[in-house]
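In what follows, a structure is listed as structure tokens, so that the remarks can point back to it.
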Amino acid sequence: MPGDSVKVAVRVRPFNQREKNANSKCIISMSGKSTTITNPANGETKTFGFDHSYWSHDGFNENEDGVYEQTSNQYADQRKVFGDLGQGVLDNAWQGYNAALFAYGQTGSGKSYSMIGYGPNKGIVPITCGELFKAIGKNDEDKKQLQVTFSMLEIYNEQVRDLLSKQTQRGGLKVRQHPKMGFYVDGLKQVAVRNYGQIEHLMDQGTVNRTTASTNMNATSSRSHMVITIRFKQVFINEIGESTTKTSEINLVDLAGSERADSTGATGDRLKEGSAINQSLSTLGNVISALADLAMGKKKVLVPYRDSVLTKLLQSALGGNSRTIMIAALSPAAINYDETLGTLRYADRAKKIQNKAVINESPTDRLIRELKEENARLLAQISKAGGGLATGKSEALERLLEENERQMRDTQLSWEQKLEEAKQEWEKSHMMIPQSDTEWNKYPYIENINEDPQLSGVIKHCLHPGQYVIGKAGNKGVTIELRGLGIQGQHAVVCNTDERLTIKPAIQAAKILVNGAFITEETQLKHCDRIVLGSSSLFLYVGFPSHRRTPDNLDKYDYNFFQTELAEVSGLSEGMLMSPRDGGSLSYDTSAALRVFQEYIDLLPKIEEANAMSQEMKKGVKFEPEVKNLASHDSIGRDLEKSVIVKVTNEDTKQVWIWPKPKFINRKFLIEDLYMKWSEGDSIDIGQSQDPFWDPPEDIFLGSCHIWLQSLAYCMAVDEQLEMHSYHGKEEAMIQAKIMPCDSKGRLLSDEALVLDPSDLLGKRLDFVIIVDHCMGVKWVRENSKRGVYCGFHFYECQDLIRSKTVHSSNNPKFNFRKHFTIEKVAPDFLNYVQTHAIVLELWGTQCSSAVSTSPKKLDVEQEADIDALKFQLEQQLDEFESLKASSVKLKKENFKLRQHVDKLKGALQLAKSRPRSAPDKREGKDNSRDPIIHRVAAIHEVGGGSQESLKSVSSDTGVTLRHSTNSPLNGGSLDVEIAKGLKVFFRDVRGAQKKLQSLRDLGSSAQLNSDNGSLKEAFQSQQTLIKETEEKLSTCVVALKETMTTVIKRKRQEAGE
């Protein structure tokens, strides 16, 4: 490896099944050592240069043995990656250099595949170990002894766990510092191995322990780091019996998912950087940045190795005595653009790091002598100080003494003795593992499913005929022990009788899902059914041999399949987004839809875990995923992108918070910290300000509606009763709103002010008022009477929210909001705004800061009297409702008569159309005799004897101001006069009917009570709906006639201009 710079390689994986079904686009391209990423939003590209760029996205086939074979020269298989990277690690080890290889990337990007491999496609770690022992096997030198030891650990929540030990130490193993060795893990098991088979066994054992810990401590692989250390010693013995040792330490590191290190996750959150779970990866980024700054010549840079366990152990690999390789795993999908770009930038910084590697070679006798001398010095310090030495310092000296003595014993112990000890321990543990491979082919069983494919299928439970109780470890009668979140003492009962296997909850509180659906009674399982126990224990059921198929294709039932199924059952794909799991087409932009869907299903297990921890710690807080639709706030009505949010509810106080996804993830890390302390018996009595389950009260968006402003361009009034819809499209309330043209003093204008051409407003003053009278049926207040609501909106260039007063304790609040707007001179921009935009009227909920008791209380005498008064009021409202119902029937009859009148007028118009005209207008070749609308205008003119005043009188009923030319050549007959009279009567009657309906609607609104009134309230709502429909039908008639008259007038003005 030339030089001491960190060698960096990147590798792009194939699409996963979800991305294939969604027809995802690849955003990564490679040419030689260069890697280019394309922004799917705007097509911009960024190119990075690395030591190696591996294309593993396509260009391969899978043979009968499951091995991926190259079909394109561009494709890089596992052997190619090992040849470039793993072989370099081996070469360095033989030379006596320390070596390190670590994989970085987001969850699911292919880190574990490159490091460990999958099935027959072995990764760098097993190939490196295999090749090392091949070379050792070729050693035939008597005076050269080759020794290999193996250790495997996991770092989670800043705690170190030995994966080769079944015993767990509370708080994890301690990381200590030796003056010469640097940082080391105290008590970590280092197993001497003689062949690759033993390493395979140890890796399998470590994987089982890691999987069990992942379930028990809720530490999925994406949040934990795995470090495999291979210590390779070459002992050379000279002719006089003296020995020299050349030592190499190889660290192979599979890092946690990089998205967990997103520092922006806590943006806007009052609790920041408080989680130990995220600390190691965040610190690793800081270390790499600091080392890159040093390499670029920056002075006085502090490298924060001591800030995390991971960076302490990797100090030699980063900027120290090691030759280091980093492989960055990339996702090719457009939905992961931000994470992939972050990974490329991270790798680009890492390649600037300069290490100082030296060959680790020293005489063995000298090493023993130095250890003895140091021990003597430490003993002298301890005895000289006596009782005067501080307790902490004394303990540190004693630990150093113990470590030196351990190293002396290790050095003096012969290699054959070490191998014999390892062999005895291996045989002991091997005998404890039941040889039950044949049982899987005889009986049904369940196997675990994990986010990391390497950890799926590791734990299996064979189900012989009989009954099994699944529950928490340590409980009496439990036959299959689990320790995951949400697992009850006795959780589920499984019965295997007569080739029929069933599962049922052991207690009512036990959460069991089969194929994504909750079950509450005994359910028969079928081959390949998916089972979820508690919040995060996932199992695939493999049925009786007679029920299995060939091939079964069990691999498709992976972690992503489970989570996608849960999202579908929760309703995400119904009307909101189409699920890409089944290859369906998406309703809008594929990449945007897939991104939201991906975020949603990624969040589901985290929310389940947070709910389970809240329940176990009795916090009373519930988390629910929601999809935020930005179209709810858009004044143009565009179908904007959606995003995932989390609704947080304190079920005791009824307080609600809305957290964006990054904030929830940050809080969940803090909740896990708290949960681990609680599970270990520590006190979790913390102040409210440090409680990750709590936030100060905030206003909550309830719903919105759009009031289009186009009518304002014609100086027409808007009077609407609108539904307020939440992000999910559910009705949250009804609101009464008006936009009314007015004069400078706020007096409303009559219909005569209507403008036929919006451009007539240019340069003129425009006054109008926006009125929000009241709101009805607010669900937010029904749930908790202590809450309040207010409404608000943004208008034109006003950046601040224009809002009403806050009304408390009423689910039918009266805002009585009125706002006068004045546009001194209407500009083209404003005119375009009102013709294309809407006012987005938003409803917001407020909540009390103090806790609200939700427990039922005994009613006192005054409350009982209030109830009696309410009953009397209800009886009165019932009588009023009957009166309203009778009025509605009467209005229906009047409406029917009006419809008949309109039909007669239509018939008359058709008859007039067929009548020949004696004096057609031949100007410019136009024959106005064929246009009956022109004659209607003339007839209206004759109603008033041709006077301008009479014309305005008639036109006021139509809501249109007519500008009549005295030079009009039009003539009308007596029939036209009758039609005009009829139109006048029609408008008069309709206007009267509309006013009556408005009065009825206002009366119905005021009649609603502030509390739920059962069937009476439903009847009132039905009555309101009926009245609204009637009014809309009448309004349609009026609008149609207005449009007709507007058309006449426009044509009249054109002709007058000609």
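Each chain of the structure tokens is named A, B, ... in the order shown, its residues numbered from 1; ligands are numbered from 1 in display order.
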
Apply DSSP to the backbone of this structure and, from range 557-774 of chain A, keep only the residues in strand (DSSP E or B); write these as a VMD selection string. chain A and resid 621 to 629 642 to 650 656 to 660 700 to 708 718 to 725 731 to 742 748 762 766 to 774

Selection from above, C-alpha atoms, as a PDB file, in the first residue's frame, can you write it?
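What follows is the written file out-v4.pdb:
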ATOM      1  CA  VAL A 621     -47.514   8.794  26.107  1.00  0.00           C
ATOM      2  CA  LYS A 622     -48.686   7.479  22.757  1.00  0.00           C
ATOM      3  CA  PHE A 623     -46.896   7.929  19.417  1.00  0.00           C
ATOM      4  CA  GLU A 624     -48.716   7.733  16.070  1.00  0.00           C
ATOM      5  CA  PRO A 625     -47.279   8.147  12.546  1.00  0.00           C
ATOM      6  CA  GLU A 626     -49.058  10.548  10.195  1.00  0.00           C
ATOM      7  CA  VAL A 627     -48.485  11.891   6.710  1.00  0.00           C
ATOM      8  CA  LYS A 628     -48.404  15.667   6.424  1.00  0.00           C
ATOM      9  CA  ASN A 629     -49.896  16.969   3.202  1.00  0.00           C
ATOM     10  CA  LYS A 642     -46.030  14.820   1.607  1.00  0.00           C
ATOM     11  CA  SER A 643     -43.825  14.235   4.634  1.00  0.00           C
ATOM     12  CA  VAL A 644     -43.973  11.946   7.643  1.00  0.00           C
ATOM     13  CA  ILE A 645     -44.673  13.392  11.077  1.00  0.00           C
ATOM     14  CA  VAL A 646     -45.399  11.893  14.484  1.00  0.00           C
ATOM     15  CA  LYS A 647     -48.374  12.793  16.634  1.00  0.00           C
ATOM     16  CA  VAL A 648     -47.522  12.555  20.331  1.00  0.00           C
ATOM     17  CA  THR A 649     -50.340  12.383  22.880  1.00  0.00           C
ATOM     18  CA  ASN A 650     -50.122  12.346  26.646  1.00  0.00           C
ATOM     19  CA  VAL A 656     -50.709  16.838  21.989  1.00  0.00           C
ATOM     20  CA  TRP A 657     -47.481  17.580  20.122  1.00  0.00           C
ATOM     21  CA  ILE A 658     -46.559  17.195  16.474  1.00  0.00           C
ATOM     22  CA  TRP A 659     -42.930  16.177  15.924  1.00  0.00           C
ATOM     23  CA  PRO A 660     -41.148  16.038  12.563  1.00  0.00           C
ATOM     24  CA  ILE A 700     -51.724  22.262  16.830  1.00  0.00           C
ATOM     25  CA  PHE A 701     -52.828  22.531  13.211  1.00  0.00           C
ATOM     26  CA  LEU A 702     -56.331  21.046  12.995  1.00  0.00           C
ATOM     27  CA  GLY A 703     -57.444  21.637   9.426  1.00  0.00           C
ATOM     28  CA  SER A 704     -57.846  24.103   6.590  1.00  0.00           C
ATOM     29  CA  CYS A 705     -60.093  25.069   3.698  1.00  0.00           C
ATOM     30  CA  HIS A 706     -59.607  27.088   0.513  1.00  0.00           C
ATOM     31  CA  ILE A 707     -61.670  30.188  -0.312  1.00  0.00           C
ATOM     32  CA  TRP A 708     -60.902  31.119  -3.895  1.00  0.00           C
ATOM     33  CA  VAL A 718     -68.451  35.230  -1.374  1.00  0.00           C
ATOM     34  CA  ASP A 719     -70.490  33.717   1.441  1.00  0.00           C
ATOM     35  CA  GLU A 720     -69.495  30.124   2.123  1.00  0.00           C
ATOM     36  CA  GLN A 721     -69.926  27.431   4.739  1.00  0.00           C
ATOM     37  CA  LEU A 722     -66.882  25.201   4.322  1.00  0.00           C
ATOM     38  CA  GLU A 723     -65.511  21.991   5.756  1.00  0.00           C
ATOM     39  CA  MET A 724     -62.121  22.174   7.484  1.00  0.00           C
ATOM     40  CA  HIS A 725     -60.082  19.105   6.562  1.00  0.00           C
ATOM     41  CA  GLU A 731     -63.470  16.743   8.507  1.00  0.00           C
ATOM     42  CA  GLU A 732     -62.467  18.542  11.684  1.00  0.00           C
ATOM     43  CA  ALA A 733     -65.081  21.337  11.722  1.00  0.00           C
ATOM     44  CA  MET A 734     -67.400  23.550   9.641  1.00  0.00           C
ATOM     45  CA  ILE A 735     -66.653  27.251   9.269  1.00  0.00           C
ATOM     46  CA  GLN A 736     -68.685  30.227   8.027  1.00  0.00           C
ATOM     47  CA  ALA A 737     -66.620  32.753   6.040  1.00  0.00           C
ATOM     48  CA  LYS A 738     -67.344  35.726   3.770  1.00  0.00           C
ATOM     49  CA  ILE A 739     -65.396  37.954   1.407  1.00  0.00           C
ATOM     50  CA  MET A 740     -67.456  41.103   0.768  1.00  0.00           C
ATOM     51  CA  PRO A 741     -66.607  44.124  -1.439  1.00  0.00           C
ATOM     52  CA  CYS A 742     -67.158  47.377   0.462  1.00  0.00           C
ATOM     53  CA  LEU A 748     -70.987  46.563   1.872  1.00  0.00           C
ATOM     54  CA  LEU A 762     -56.522  48.276 -12.666  1.00  0.00           C
ATOM     55  CA  LEU A 766     -60.452  48.304  -4.010  1.00  0.00           C
ATOM     56  CA  ASP A 767     -61.921  47.782  -0.543  1.00  0.00           C
ATOM     57  CA  PHE A 768     -63.214  44.522   0.859  1.00  0.00           C
ATOM     58  CA  VAL A 769     -63.720  42.787   4.169  1.00  0.00           C
ATOM     59  CA  ILE A 770     -63.018  39.208   5.175  1.00  0.00           C
ATOM     60  CA  ILE A 771     -65.456  37.966   7.785  1.00  0.00           C
ATOM     61  CA  VAL A 772     -65.220  34.744   9.771  1.00  0.00           C
ATOM     62  CA  ASP A 773     -68.375  34.487  11.846  1.00  0.00           C
ATOM     63  CA  HIS A 774     -68.207  31.166  13.603  1.00  0.00           C
TER      64      HIS A 774
END

For each of A:Thr211, A:Asn336, A:Asn251, A:Arg323, take the minimum atom-to-atom distance to Glu19 in chain A, counting only C-alpha atoms, then give the residue where this is smallest. A:Asn336

Counting only C-alpha atoms, what is within 8 Å of Ala290 in chain A, bar same-chain residues fewer than 4 positions away, as number ranges by chain? A: 286, 294, 301-303

Name all residues at most 8 Å from Ser322 in chain A (count only C-alpha atoms; drop same-chain ones fewer than 4 positions away) and give them as a list in words.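 My reading of the contact set: Tyr97, Asn98, Ala99, Ala100, Ser316, Ala317, Leu318, Asn355, Lys356, Ala357 and Val358 of chain A.
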
Could you list, with a cut-off of 9 Å and counting only C-alpha atoms, the residues of range 120-184 of chain A near range 189-204 of chain A, each shown with its nearest atom pair and the distance in Å rounded to one decimal, rows sorted by chain and ascending number, as CSV?
residue,atom,partner,partner_atom,distance
A:Pro126,CA,A:Glu200,CA,7.7
A:Cys129,CA,A:Tyr196,CA,6.4
A:Gly130,CA,A:Tyr196,CA,5.6
A:Glu131,CA,A:Tyr196,CA,8.9
A:Leu132,CA,A:Tyr196,CA,8.5
A:Phe133,CA,A:Asn195,CA,6.1
A:Lys134,CA,A:Tyr196,CA,8.7
A:Gly137,CA,A:Asn195,CA,8.9
A:Gln147,CA,A:Ala192,CA,7.7
A:Val148,CA,A:Val193,CA,5.9
A:Thr149,CA,A:Ala192,CA,4.3
A:Phe150,CA,A:Val191,CA,5.2
A:Ser151,CA,A:Gln190,CA,5.0
A:Met152,CA,A:Met203,CA,7.8
A:Asp162,CA,A:Lys189,CA,7.0
A:Leu163,CA,A:Lys189,CA,8.8
A:Leu164,CA,A:Lys189,CA,6.8
A:Ser165,CA,A:Lys189,CA,7.3

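Among the candidates A:Ser56, A:Thr836, A:Gln167, A:Thr523, the residue lying nearest to Asp634 in chain A is A:Thr836 (atoms considered: only C-alpha atoms).
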
Would you list, as a compact mmCIF listing (two decimals) with N, CA, C and O atoms, in the first residue's frame, the residues of range 655-772 of chain A that end up in helix (DSSP H, G or I) under DSSP run on this structure's backbone?
# COMPACT_ATOMS: atom_id res chain seq x y z
N LYS A 661 -40.11 14.04 11.74
CA LYS A 661 -39.41 12.76 11.85
C LYS A 661 -38.03 12.89 12.51
O LYS A 661 -37.71 12.11 13.42
N PRO A 662 -37.17 13.85 12.11
CA PRO A 662 -35.85 13.94 12.76
C PRO A 662 -35.95 14.18 14.26
O PRO A 662 -35.15 13.63 15.02
N LYS A 663 -36.89 14.99 14.69
CA LYS A 663 -37.03 15.25 16.11
C LYS A 663 -37.46 13.99 16.85
O LYS A 663 -36.96 13.69 17.94
N PHE A 664 -38.38 13.23 16.25
CA PHE A 664 -38.81 11.99 16.89
C PHE A 664 -37.64 11.03 17.04
O PHE A 664 -37.47 10.39 18.09
N ILE A 665 -36.80 10.90 16.00
CA ILE A 665 -35.67 9.97 16.05
C ILE A 665 -34.70 10.41 17.15
O ILE A 665 -34.19 9.59 17.91
N ASN A 666 -34.47 11.71 17.25
CA ASN A 666 -33.60 12.21 18.31
C ASN A 666 -34.18 11.89 19.69
O ASN A 666 -33.46 11.43 20.59
N ARG A 667 -35.49 12.10 19.84
CA ARG A 667 -36.13 11.81 21.12
C ARG A 667 -36.12 10.32 21.43
O ARG A 667 -35.99 9.91 22.58
N LYS A 668 -36.25 9.50 20.40
CA LYS A 668 -36.28 8.06 20.64
C LYS A 668 -34.93 7.57 21.17
O LYS A 668 -34.88 6.68 22.02
N PHE A 669 -33.85 8.14 20.67
CA PHE A 669 -32.55 7.80 21.24
C PHE A 669 -32.51 8.11 22.73
O PHE A 669 -32.03 7.32 23.54
N LEU A 670 -33.04 9.28 23.10
CA LEU A 670 -33.06 9.69 24.50
C LEU A 670 -33.98 8.77 25.31
O LEU A 670 -33.68 8.43 26.47
N ILE A 671 -35.10 8.37 24.71
CA ILE A 671 -36.03 7.46 25.39
C ILE A 671 -35.35 6.11 25.63
O ILE A 671 -35.52 5.49 26.69
N GLU A 672 -34.57 5.65 24.65
CA GLU A 672 -33.87 4.38 24.81
C GLU A 672 -32.83 4.46 25.93
O GLU A 672 -32.65 3.51 26.69
N ASP A 673 -32.14 5.60 26.00
CA ASP A 673 -31.21 5.79 27.11
C ASP A 673 -31.94 5.65 28.45
O ASP A 673 -31.47 4.97 29.37
N LEU A 674 -33.08 6.32 28.54
CA LEU A 674 -33.87 6.29 29.77
C LEU A 674 -34.36 4.88 30.06
O LEU A 674 -34.35 4.41 31.21
N TYR A 675 -34.78 4.18 29.02
CA TYR A 675 -35.31 2.82 29.19
C TYR A 675 -34.22 1.87 29.68
O TYR A 675 -34.48 1.00 30.54
N MET A 676 -33.01 2.02 29.15
CA MET A 676 -31.93 1.13 29.58
C MET A 676 -31.62 1.34 31.06
O MET A 676 -31.36 0.38 31.79
N LYS A 677 -31.63 2.60 31.51
CA LYS A 677 -31.41 2.86 32.93
C LYS A 677 -32.53 2.24 33.76
O LYS A 677 -32.28 1.64 34.81
N TRP A 678 -33.76 2.37 33.28
CA TRP A 678 -34.91 1.82 34.00
C TRP A 678 -34.83 0.30 34.06
O TRP A 678 -35.09 -0.31 35.11
N SER A 679 -34.47 -0.34 32.95
CA SER A 679 -34.41 -1.81 32.91
C SER A 679 -33.30 -2.36 33.78
O SER A 679 -33.36 -3.50 34.22
N GLN A 688 -38.93 17.71 34.50
CA GLN A 688 -39.75 17.81 33.29
C GLN A 688 -38.96 18.38 32.12
O GLN A 688 -39.15 17.95 30.97
N SER A 689 -38.06 19.29 32.39
CA SER A 689 -37.30 19.92 31.32
C SER A 689 -36.36 18.95 30.63
O SER A 689 -35.96 19.17 29.48
N GLN A 690 -36.00 17.84 31.29
CA GLN A 690 -35.12 16.84 30.71
C GLN A 690 -35.86 15.59 30.28
O GLN A 690 -35.24 14.62 29.85
N GLN A 710 -61.25 34.47 -6.85
CA GLN A 710 -61.57 34.90 -8.20
C GLN A 710 -62.78 35.83 -8.24
O GLN A 710 -62.84 36.77 -9.02
N SER A 711 -63.76 35.58 -7.36
CA SER A 711 -64.96 36.42 -7.34
C SER A 711 -64.61 37.87 -7.02
O SER A 711 -65.28 38.80 -7.46
N LEU A 712 -63.52 38.05 -6.23
CA LEU A 712 -63.12 39.40 -5.87
C LEU A 712 -62.70 40.21 -7.09
O LEU A 712 -62.84 41.44 -7.11
N ALA A 713 -62.21 39.53 -8.11
CA ALA A 713 -61.81 40.23 -9.34
C ALA A 713 -63.01 40.79 -10.07
O ALA A 713 -62.86 41.66 -10.94
N TYR A 714 -64.21 40.32 -9.76
CA TYR A 714 -65.44 40.82 -10.38
C TYR A 714 -66.29 41.62 -9.38
O TYR A 714 -67.45 41.91 -9.65
N ASP A 751 -75.12 44.65 -5.51
CA ASP A 751 -74.77 43.87 -6.70
C ASP A 751 -74.47 44.75 -7.90
O ASP A 751 -73.88 44.29 -8.89
N GLU A 752 -74.89 46.02 -7.86
CA GLU A 752 -74.66 46.90 -8.99
C GLU A 752 -73.18 47.20 -9.19
O GLU A 752 -72.77 47.66 -10.26
N ALA A 753 -72.35 46.90 -8.16
CA ALA A 753 -70.92 47.18 -8.27
C ALA A 753 -70.16 46.11 -9.03
O ALA A 753 -68.95 46.20 -9.21
N PRO A 758 -62.26 42.09 -15.22
CA PRO A 758 -61.36 42.38 -14.09
C PRO A 758 -60.35 43.49 -14.39
O PRO A 758 -59.93 44.20 -13.48
N SER A 759 -59.99 43.64 -15.65
CA SER A 759 -59.01 44.67 -15.98
C SER A 759 -59.54 46.07 -15.71
O SER A 759 -58.76 47.03 -15.61
N ASP A 760 -60.87 46.20 -15.56
CA ASP A 760 -61.43 47.51 -15.23
C ASP A 760 -60.99 47.99 -13.85
O ASP A 760 -61.09 49.18 -13.54
N LEU A 761 -60.51 47.06 -13.00
CA LEU A 761 -60.09 47.43 -11.66
C LEU A 761 -58.68 48.01 -11.61
O LEU A 761 -58.28 48.59 -10.60

Using only C-alpha atoms, which protein or nucleic acid residues come within 6 Å of range 797-814 of chain A? Drop anything in the same chain fewer than 3 positions from it, and give the result as an MDAnalysis selection string. chainID A and resid 774:778 781 785:794 817 1010

Identify, on the basis of only C-alpha atoms, every residue whose closest approach to Lys7 in chain A does not exceed 10 Å; exclude the query and any residue fewer than 4 positions from it along the same chain; express the result as a ChimeraX atom specification. /A:1-3,50-52,85,101,323-327,347,350-354
